[in-house]
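Reproduced below: input-v3.cif, with mmCIF, C-alpha atoms.
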data_protein
loop_
_atom_site.label_atom_id
_atom_site.label_comp_id
_atom_site.auth_asym_id
_atom_site.auth_seq_id
_atom_site.Cartn_x
_atom_site.Cartn_y
_atom_site.Cartn_z
CA MET A 1 106.04 -17.60 44.35
CA SER A 2 105.18 -17.92 40.64
CA LYS A 3 101.92 -19.35 39.35
CA SER A 4 103.78 -22.28 37.80
CA LYS A 5 105.39 -23.14 41.17
CA LEU A 6 102.01 -22.95 42.92
CA ILE A 7 100.46 -25.32 40.37
CA PHE A 8 103.40 -27.69 40.84
CA SER A 9 102.96 -27.59 44.62
CA LEU A 10 99.25 -28.38 44.38
CA THR A 11 99.81 -31.06 41.74
CA LYS A 12 102.50 -32.70 43.87
CA ILE A 13 99.94 -33.19 46.64
CA ILE A 14 96.88 -33.94 44.49
CA THR A 15 98.59 -36.51 42.25
CA PRO A 16 97.85 -39.98 43.65
CA VAL A 17 100.82 -41.90 45.00
CA THR A 18 101.39 -45.31 43.47
CA SER A 19 99.72 -47.71 45.88
CA MET A 20 102.08 -49.77 47.99
CA LYS A 21 101.16 -52.26 50.67
CA LEU A 22 103.28 -53.02 53.69
CA SER A 23 103.79 -56.72 54.27
CA THR A 24 103.50 -57.27 58.02
CA CYS A 25 104.61 -60.91 57.75
CA ASN A 26 108.33 -60.24 57.50
CA LEU A 27 108.68 -57.31 59.89
CA GLU A 28 111.49 -57.85 62.38
CA TYR A 29 111.92 -54.49 64.07
CA ILE A 30 108.53 -52.75 64.04
CA ILE A 31 104.85 -53.50 64.65
CA THR A 32 102.21 -51.78 62.51
CA GLU A 33 98.45 -51.57 62.79
CA LYS A 34 95.53 -49.37 61.85
CA VAL A 35 93.95 -47.85 64.96
CA GLY A 36 91.28 -45.37 65.97
CA GLU A 37 87.52 -45.62 65.95
CA LYS A 38 87.46 -45.41 62.15
CA GLN A 39 90.74 -47.28 61.64
CA ASN A 40 92.11 -44.16 59.95
CA VAL A 41 95.34 -43.79 61.95
CA GLY A 42 98.51 -45.66 61.05
CA LEU A 43 100.42 -46.76 64.16
CA VAL A 44 104.09 -47.75 63.89
CA LYS A 45 105.72 -49.15 67.03
CA LEU A 46 109.49 -49.57 67.12
CA ASN A 47 110.12 -53.07 68.45
CA ARG A 48 113.76 -53.81 69.18
CA PRO A 49 113.50 -53.98 73.00
CA LYS A 50 116.82 -55.64 73.81
CA ALA A 51 118.68 -52.75 72.14
CA LEU A 52 116.30 -50.05 73.47
CA ASN A 53 115.08 -49.57 69.88
CA ALA A 54 118.52 -48.56 68.62
CA LEU A 55 118.05 -47.47 65.02
CA CYS A 56 119.88 -50.10 62.99
CA ASP A 57 119.63 -50.09 59.19
CA GLY A 58 116.97 -52.80 59.23
CA LEU A 59 114.75 -50.88 61.64
CA VAL A 60 115.07 -47.64 59.68
CA THR A 61 114.28 -49.48 56.42
CA GLU A 62 111.13 -51.01 57.91
CA LEU A 63 110.11 -47.69 59.46
CA THR A 64 110.51 -45.67 56.25
CA GLU A 65 108.65 -48.33 54.26
CA ALA A 66 105.80 -48.39 56.79
CA VAL A 67 105.47 -44.60 56.76
CA SER A 68 105.55 -44.56 52.94
CA ALA A 69 102.87 -47.26 52.80
CA TYR A 70 100.59 -45.34 55.17
CA ASP A 71 101.28 -42.15 53.20
CA ALA A 72 99.96 -43.92 50.08
CA ASP A 73 96.94 -45.43 51.88
CA ASP A 74 93.81 -43.34 51.28
CA SER A 75 92.16 -44.77 54.41
CA ILE A 76 94.85 -43.26 56.65
CA GLY A 77 94.72 -39.59 57.66
CA ALA A 78 97.68 -39.37 60.05
CA ILE A 79 100.49 -41.53 61.43
CA VAL A 80 101.74 -42.14 64.98
CA VAL A 81 105.29 -43.39 65.60
CA THR A 82 106.13 -44.70 69.07
CA GLY A 83 108.41 -47.10 70.95
CA SER A 84 108.09 -48.69 74.37
CA GLU A 85 107.62 -47.08 77.79
CA ARG A 86 111.33 -47.61 78.41
CA ALA A 87 112.64 -46.21 75.13
CA PHE A 88 111.33 -44.44 72.07
CA ALA A 89 114.77 -44.99 70.51
CA ALA A 90 118.01 -44.80 72.43
CA GLY A 91 120.02 -43.73 69.40
CA ALA A 92 121.60 -45.04 66.23
CA ASP A 93 123.22 -48.48 66.22
CA ILE A 94 126.83 -47.65 67.16
CA LYS A 95 128.02 -51.20 66.45
CA GLU A 96 126.95 -50.79 62.82
CA MET A 97 128.84 -47.51 62.56
CA LEU A 98 132.05 -48.47 64.35
CA ASP A 99 134.14 -49.53 61.33
CA LYS A 100 132.73 -47.09 58.79
CA THR A 101 135.05 -44.55 57.15
CA TYR A 102 134.65 -41.08 55.68
CA SER A 103 134.93 -42.40 52.14
CA THR A 104 132.40 -45.21 52.64
CA ASN A 105 129.99 -42.78 54.27
CA LEU A 106 130.20 -40.53 51.20
CA LYS A 107 129.80 -43.45 48.80
CA THR A 108 126.91 -45.13 50.59
CA GLY A 109 125.20 -42.00 51.94
CA LEU A 110 125.18 -42.95 55.62
CA LEU A 111 121.86 -41.90 57.26
CA LYS A 112 120.54 -40.64 53.89
CA GLN A 113 117.67 -43.12 54.10
CA TRP A 114 116.41 -41.28 57.18
CA ASP A 115 115.50 -38.30 54.97
CA ASN A 116 112.59 -40.32 53.53
CA LEU A 117 110.73 -39.91 56.82
CA SER A 118 110.47 -36.16 56.37
CA LYS A 119 109.01 -36.57 52.86
CA CYS A 120 105.71 -37.96 54.13
CA LYS A 121 102.81 -35.70 53.09
CA LYS A 122 100.57 -36.82 55.93
CA PRO A 123 101.08 -35.57 59.50
CA VAL A 124 103.38 -37.77 61.57
CA ILE A 125 103.12 -37.65 65.37
CA ALA A 126 105.93 -38.92 67.59
CA ALA A 127 104.70 -40.39 70.90
CA VAL A 128 107.87 -40.42 73.00
CA ASN A 129 108.21 -42.44 76.19
CA GLY A 130 111.54 -43.15 77.83
CA PHE A 131 114.80 -42.42 76.03
CA ALA A 132 114.91 -40.40 72.80
CA LEU A 133 118.63 -39.89 72.49
CA GLY A 134 120.89 -39.19 69.52
CA GLY A 135 119.18 -40.62 66.48
CA GLY A 136 116.05 -41.20 68.57
CA CYS A 137 115.80 -37.49 69.34
CA GLU A 138 116.47 -36.72 65.67
CA LEU A 139 113.75 -39.17 64.61
CA ALA A 140 111.26 -37.45 66.93
CA MET A 141 112.21 -34.05 65.53
CA MET A 142 111.64 -35.32 61.96
CA CYS A 143 108.00 -35.83 62.92
CA ASP A 144 105.50 -32.97 62.67
CA ILE A 145 104.29 -33.08 66.29
CA ILE A 146 105.92 -34.52 69.41
CA TYR A 147 103.90 -35.72 72.41
CA ALA A 148 105.99 -36.89 75.37
CA GLY A 149 105.44 -39.09 78.39
CA GLU A 150 106.30 -37.57 81.76
CA LYS A 151 109.43 -39.73 82.08
CA ALA A 152 110.75 -39.09 78.57
CA LYS A 153 114.39 -38.03 78.16
CA PHE A 154 115.70 -36.22 75.08
CA GLY A 155 119.28 -35.47 74.12
CA GLN A 156 122.10 -35.44 71.57
CA PRO A 157 124.98 -37.32 73.29
CA GLU A 158 127.05 -37.88 70.12
CA ILE A 159 129.71 -35.49 71.42
CA ALA A 160 130.57 -38.03 74.15
CA ILE A 161 131.56 -40.67 71.58
CA GLY A 162 133.68 -38.40 69.42
CA THR A 163 131.23 -37.34 66.73
CA ILE A 164 128.29 -34.98 66.16
CA PRO A 165 124.62 -35.44 65.28
CA GLY A 166 124.21 -36.51 61.66
CA ALA A 167 120.46 -36.72 61.05
CA GLY A 168 119.37 -33.18 61.89
CA GLY A 169 120.17 -32.77 65.58
CA THR A 170 122.18 -29.55 65.19
CA GLN A 171 119.73 -28.13 62.64
CA ARG A 172 116.24 -28.97 63.89
CA MET A 173 116.77 -28.37 67.60
CA ILE A 174 117.95 -24.80 67.06
CA ARG A 175 114.74 -24.07 65.15
CA SER A 176 112.62 -25.36 68.02
CA CYS A 177 114.62 -24.25 71.04
CA GLY A 178 116.95 -21.45 69.93
CA LYS A 179 120.72 -21.27 69.51
CA SER A 180 121.88 -21.12 73.12
CA PHE A 181 119.89 -24.12 74.31
CA ALA A 182 120.67 -26.17 71.19
CA MET A 183 124.36 -25.43 71.69
CA GLU A 184 124.14 -26.52 75.34
CA VAL A 185 122.43 -29.81 74.48
CA CYS A 186 124.68 -30.70 71.54
CA LEU A 187 127.98 -29.63 73.16
CA SER A 188 127.36 -31.09 76.63
CA GLY A 189 125.50 -34.27 75.74
CA ASN A 190 123.17 -33.59 78.68
CA GLN A 191 119.70 -35.10 78.68
CA ILE A 192 116.51 -33.03 78.71
CA SER A 193 113.45 -33.93 80.79
CA ALA A 194 109.99 -33.99 79.25
CA GLN A 195 108.98 -30.89 81.23
CA GLU A 196 112.02 -28.93 80.05
CA ALA A 197 111.39 -30.09 76.48
CA LEU A 198 107.86 -28.72 76.83
CA THR A 199 109.10 -25.41 78.23
CA ARG A 200 111.66 -25.07 75.42
CA GLY A 201 109.14 -25.81 72.67
CA LEU A 202 110.61 -29.16 71.64
CA VAL A 203 107.36 -31.00 72.43
CA SER A 204 103.80 -29.74 72.39
CA LYS A 205 102.25 -31.72 75.28
CA VAL A 206 103.26 -34.05 78.11
CA PHE A 207 101.13 -36.93 79.44
CA PRO A 208 101.39 -39.78 81.94
CA PRO A 209 103.29 -42.60 80.17
CA GLU A 210 100.32 -45.00 80.12
CA LYS A 211 98.10 -42.41 78.40
CA LEU A 212 100.62 -41.09 75.88
CA VAL A 213 99.91 -43.28 72.84
CA ASP A 214 96.13 -42.99 73.28
CA GLU A 215 96.42 -39.20 73.37
CA ALA A 216 98.58 -39.21 70.23
CA ILE A 217 96.00 -41.41 68.49
CA LYS A 218 93.22 -39.03 69.56
CA LEU A 219 95.08 -36.13 67.96
CA ALA A 220 95.67 -38.17 64.80
CA GLU A 221 91.94 -39.00 64.67
CA LYS A 222 91.08 -35.30 65.01
CA ILE A 223 93.43 -34.41 62.14
CA SER A 224 91.97 -37.24 60.06
CA GLU A 225 88.50 -35.65 60.27
CA HIS A 226 89.68 -32.89 57.94
CA SER A 227 90.32 -32.90 54.21
CA PRO A 228 93.53 -34.87 53.54
CA LEU A 229 94.31 -32.54 50.65
CA ILE A 230 94.00 -29.39 52.74
CA VAL A 231 95.87 -30.97 55.67
CA ALA A 232 98.79 -31.72 53.32
CA LEU A 233 98.80 -28.13 52.05
CA CYS A 234 98.71 -26.75 55.59
CA LYS A 235 101.60 -29.03 56.64
CA GLU A 236 103.61 -27.89 53.63
CA SER A 237 103.00 -24.24 54.47
CA VAL A 238 104.12 -24.62 58.10
CA ASN A 239 107.23 -26.57 57.04
CA TYR A 240 108.12 -23.89 54.49
CA ALA A 241 108.72 -21.49 57.38
CA TYR A 242 111.87 -23.50 58.17
CA GLU A 243 113.31 -22.79 54.74
CA SER A 244 112.33 -19.19 54.09
CA SER A 245 112.33 -15.61 55.31
CA LEU A 246 109.13 -14.22 56.82
CA SER A 247 108.21 -12.31 53.65
CA GLN A 248 108.77 -15.38 51.48
CA GLY A 249 106.80 -17.55 53.88
CA LEU A 250 103.87 -15.13 53.97
CA GLN A 251 103.72 -15.06 50.17
CA PHE A 252 103.95 -18.88 50.01
CA GLU A 253 101.12 -19.21 52.53
CA LYS A 254 98.97 -16.69 50.63
CA ASN A 255 99.45 -18.55 47.36
CA LEU A 256 98.54 -21.90 48.91
CA PHE A 257 95.53 -20.26 50.58
CA TYR A 258 94.39 -18.95 47.20
CA GLY A 259 95.04 -22.41 45.77
CA THR A 260 92.58 -24.03 48.19
CA PHE A 261 89.84 -22.17 46.30
CA ALA A 262 90.54 -24.48 43.35
CA THR A 263 89.54 -27.51 45.45
CA ASP A 264 86.16 -29.15 46.01
CA ASP A 265 86.94 -29.59 49.70
CA ARG A 266 87.26 -25.83 50.30
CA LYS A 267 83.81 -25.34 48.76
CA GLU A 268 82.35 -28.21 50.77
CA GLY A 269 83.92 -27.02 54.03
CA MET A 270 82.58 -23.47 53.76
CA THR A 271 79.17 -24.66 52.54
CA ALA A 272 78.88 -27.07 55.47
CA PHE A 273 79.81 -24.29 57.89
CA ILE A 274 77.06 -22.01 56.52
CA GLU A 275 74.53 -24.87 56.50
CA LYS A 276 75.53 -25.86 60.06
CA ARG A 277 76.35 -29.47 59.19
CA LYS A 278 79.39 -31.71 59.21
CA PRO A 279 81.45 -31.47 55.98
CA ASN A 280 81.81 -34.47 53.71
CA PHE A 281 85.29 -34.07 52.28
CA SER A 282 86.23 -35.90 49.05
CA ASN A 283 90.01 -35.21 49.00
CA ASN A 284 89.55 -33.24 45.77
#
Will you turn the file into structure tokens for me?
Amino acid sequence: MSKSKLIFSLTKIITPVTSMKLSTCNLEYIITEKVGEKQNVGLVKLNRPKALNALCDGLVTELTEAVSAYDADDSIGAIVVTGSERAFAAGADIKEMLDKTYSTNLKTGLLKQWDNLSKCKKPVIAAVNGFALGGGCELAMMCDIIYAGEKAKFGQPEIAIGTIPGAGGTQRMIRSCGKSFAMEVCLSGNQISAQEALTRGLVSKVFPPEKLVDEAIKLAEKISEHSPLIVALCKESVNYAYESSLSQGLQFEKNLFYGTFATDDRKEGMTAFIEKRKPNFSNN
């Protein structure tokens, strides 16, 4: 990785995002609030219960705008996305898709808006209870960390309605679970239990349903204790592993590691460690 690319990567994270505020007055499909002891966690709850949180265009628009707003909010260190105990999201809205054509999909960029979720610089944690099927499973996999309730069900059932996953299901699952298992899930349409998802590496932890969101918030609070700047660099480095060979990834990591020595927060973190005190990070 060249020096110019490293500087660009650091600048991309250091440069302040234009402030945007989420208006909670007109939200129809989600509920947002700041949570945690220090109110430094952004919580987004999908709230379309009659449709099991099916991901219609309106819901996805509100979700991406909420995540973008929290990403631009300096008081927020991490974001939690969740649904209800019955359903995280049962899939995309099939009624909206029914009459679409190949040409209209190309012209309008069907599902393109979903890509905005993966552009968030701050860590996003999916707290999955109930069904996470089709687009719901893909939404969870767009997040950086997945916590699941004991009764959660994952799957890519698109094959049963004559299509295939279109928001990352065939691409992200193989990177978490390997080719054979991803093929089985995508070609059969079978659902995956929370315990199997844990065994396969799709989720990182499983909790009783009533404790799930609190545990996700605890993790978000822990992440938020650290330097937001360094957290963003670390997230970028881990994500780069998806797009690179091992040698390229190791060089990318090394360059970002060297780059942290240009930050005030690296100096403060190491100084605090030596002085046996809690660091006071400035996000610089």
Which residues of range 111-142 of chain A have any atom within 12 Å of an atom in range 59-75 of chain A when counting only C-alpha atoms, and what is the closest pair of atoms for each, with the distance in Å to one decimal? Order the rows by chain and rising number and write it as a Markdown table.
| residue | atom | partner | partner_atom | distance |
| --- | --- | --- | --- | --- |
| A:Leu111 | CA | A:Val60 | CA | 9.2 |
| A:Lys112 | CA | A:Val60 | CA | 10.6 |
| A:Gln113 | CA | A:Thr61 | CA | 7.6 |
| A:Trp114 | CA | A:Val60 | CA | 7.0 |
| A:Asp115 | CA | A:Thr64 | CA | 9.0 |
| A:Asn116 | CA | A:Thr64 | CA | 6.4 |
| A:Leu117 | CA | A:Thr64 | CA | 5.8 |
| A:Ser118 | CA | A:Thr64 | CA | 9.5 |
| A:Lys119 | CA | A:Ser68 | CA | 8.7 |
| A:Cys120 | CA | A:Asp71 | CA | 6.2 |
| A:Lys121 | CA | A:Asp71 | CA | 6.6 |
| A:Lys122 | CA | A:Asp71 | CA | 6.0 |
| A:Pro123 | CA | A:Asp71 | CA | 9.1 |
| A:Val124 | CA | A:Val67 | CA | 8.6 |
| A:Ile125 | CA | A:Val67 | CA | 11.3 |
| A:Gly135 | CA | A:Val60 | CA | 10.6 |
| A:Gly136 | CA | A:Val60 | CA | 11.0 |
| A:Leu139 | CA | A:Val60 | CA | 9.9 |
| A:Met142 | CA | A:Thr64 | CA | 11.9 |
> Between A:Arg200, A:Gly134, A:Asp214, A:Val206, which one has atoms that come closest to Ser180 in chain A, using all atoms listed in the file?
Replying inline: A:Arg200
> Could you spell out the hits of the PyMOL selection byres ((chain A and resi 232-239) around 12) on the shown file, as an NGL selection string?
Replying inline: :A and (6 or 9-14 or 71 or 77-78 or 118-124 or 142-145 or 172 or 175 or 223-224 or 226-231 or 240-244 or 246 or 248-260 or 263 or 266 or 283)
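Residue membership of the PyMOL selection byres ((chain A and resi 210) around 12) in the shown file amounts to Ser84, Glu85, Arg86, Ala127, Val128, Asn129, Gly130, Ala148, Gly149, Glu150, Lys151, Val206, Phe207, Pro208, Pro209, Lys211, Leu212, Val213, Asp214, Glu215 and Ala216 of chain A.
Atom pair CA of Met183 in chain A / CA of Pro157 in chain A: separated by 12.0 Å.
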Counting all atoms listed in the file, which residues in range 177-254 of chain A sit no more than 9 Å from range 28-47 of chain A? For each one, give the nearest pair of atoms and the distance in Å, sorted by chain then residue number, as a Markdown table.
| residue | atom | partner | partner_atom | distance |
| --- | --- | --- | --- | --- |
| A:Ile217 | CA | A:Gly36 | CA | 6.7 |
| A:Lys218 | CA | A:Gly36 | CA | 7.5 |
| A:Ala220 | CA | A:Val41 | CA | 6.3 |
| A:Glu221 | CA | A:Val41 | CA | 6.5 |
| A:Ser224 | CA | A:Asn40 | CA | 6.9 |
> Mind pulling up the distance from CA of Lys153 in chain A to CA of Cys186 in chain A?
Replying inline: 14.3 Å
> Which residues come within 10 Å of Cys56 in chain A, counting all atoms listed in the file, excluding same-chain residues fewer than 3 positions away, as an MDAnalysis selection string?
Replying inline: chainID A and resid 29 48 51 53 59:61 91:97
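Computed from the coordinates, the CA of Tyr102 in chain A to CA of Ile159 in chain A distance equals 17.4 Å.
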> At most 9 Å from (121.0, -35.0, 76.9), file frame, only C-alpha atoms: which residues, as number ranges by chain?
Replying inline: A: 133-134, 153-157, 185-186, 188-193
Take the PyMOL selection byres ((chain A and resi 176) around 10), run it mentally on this structure, and tell me the resulting residues as a short mmCIF file (atom, residue, chain, number, x, y, z; two decimals) with C-alpha atoms, in the frame of the given file.
data_model
loop_
_atom_site.label_atom_id
_atom_site.label_comp_id
_atom_site.auth_asym_id
_atom_site.auth_seq_id
_atom_site.Cartn_x
_atom_site.Cartn_y
_atom_site.Cartn_z
CA MET A 141 112.21 -34.05 65.53
CA GLN A 171 119.73 -28.13 62.64
CA ARG A 172 116.24 -28.97 63.89
CA MET A 173 116.77 -28.37 67.60
CA ILE A 174 117.95 -24.80 67.06
CA ARG A 175 114.74 -24.07 65.15
CA CYS A 177 114.62 -24.25 71.04
CA GLY A 178 116.95 -21.45 69.93
CA LYS A 179 120.72 -21.27 69.51
CA PHE A 181 119.89 -24.12 74.31
CA ALA A 182 120.67 -26.17 71.19
CA ALA A 197 111.39 -30.09 76.48
CA ARG A 200 111.66 -25.07 75.42
CA GLY A 201 109.14 -25.81 72.67
CA LEU A 202 110.61 -29.16 71.64
CA VAL A 203 107.36 -31.00 72.43
#
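Proximity to Ile79 in chain A was assessed for A:Leu52, A:Asn105, A:Ala126, A:Phe273 counting only C-alpha atoms; the smallest distance is recorded for A:Ala126.
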Residue completion, range 85-96 of chain A, N, CA, C and O atoms, as a short mmCIF file (atom, residue, chain, number, x, y, z; two decimals), in the frame of the given file:
data_model
loop_
_atom_site.label_atom_id
_atom_site.label_comp_id
_atom_site.auth_asym_id
_atom_site.auth_seq_id
_atom_site.Cartn_x
_atom_site.Cartn_y
_atom_site.Cartn_z
N GLU A 85 107.59 -48.03 76.66
CA GLU A 85 107.62 -47.08 77.79
C GLU A 85 109.05 -46.82 78.24
O GLU A 85 109.36 -45.75 78.78
N ARG A 86 109.95 -47.77 77.99
CA ARG A 86 111.33 -47.61 78.41
C ARG A 86 112.14 -46.78 77.42
O ARG A 86 113.03 -46.02 77.83
N ALA A 87 111.85 -46.93 76.13
CA ALA A 87 112.64 -46.21 75.13
C ALA A 87 111.86 -46.00 73.85
O ALA A 87 111.32 -46.95 73.29
N PHE A 88 111.79 -44.75 73.42
CA PHE A 88 111.33 -44.44 72.07
C PHE A 88 112.38 -44.95 71.10
O PHE A 88 112.12 -45.82 70.27
N ALA A 89 113.59 -44.45 71.22
CA ALA A 89 114.77 -44.99 70.51
C ALA A 89 115.99 -44.39 71.19
O ALA A 89 116.12 -43.17 71.29
N ALA A 90 116.87 -45.26 71.64
CA ALA A 90 118.01 -44.80 72.43
C ALA A 90 119.16 -44.29 71.58
O ALA A 90 120.21 -43.93 72.12
N GLY A 91 118.98 -44.26 70.27
CA GLY A 91 120.02 -43.73 69.40
C GLY A 91 120.23 -44.59 68.17
O GLY A 91 119.51 -45.56 67.94
N ALA A 92 121.23 -44.22 67.38
CA ALA A 92 121.60 -45.04 66.23
C ALA A 92 122.33 -46.28 66.73
O ALA A 92 122.73 -46.36 67.89
N ASP A 93 122.51 -47.26 65.85
CA ASP A 93 123.22 -48.48 66.22
C ASP A 93 124.73 -48.25 66.07
O ASP A 93 125.26 -48.28 64.97
N ILE A 94 125.41 -48.00 67.19
CA ILE A 94 126.83 -47.65 67.16
C ILE A 94 127.68 -48.82 66.65
O ILE A 94 128.69 -48.61 65.97
N LYS A 95 127.26 -50.05 66.94
CA LYS A 95 128.02 -51.20 66.45
C LYS A 95 128.06 -51.23 64.92
O LYS A 95 129.06 -51.62 64.33
N GLU A 96 126.97 -50.82 64.29
CA GLU A 96 126.95 -50.79 62.82
C GLU A 96 127.88 -49.70 62.27
O GLU A 96 128.41 -49.82 61.18
#
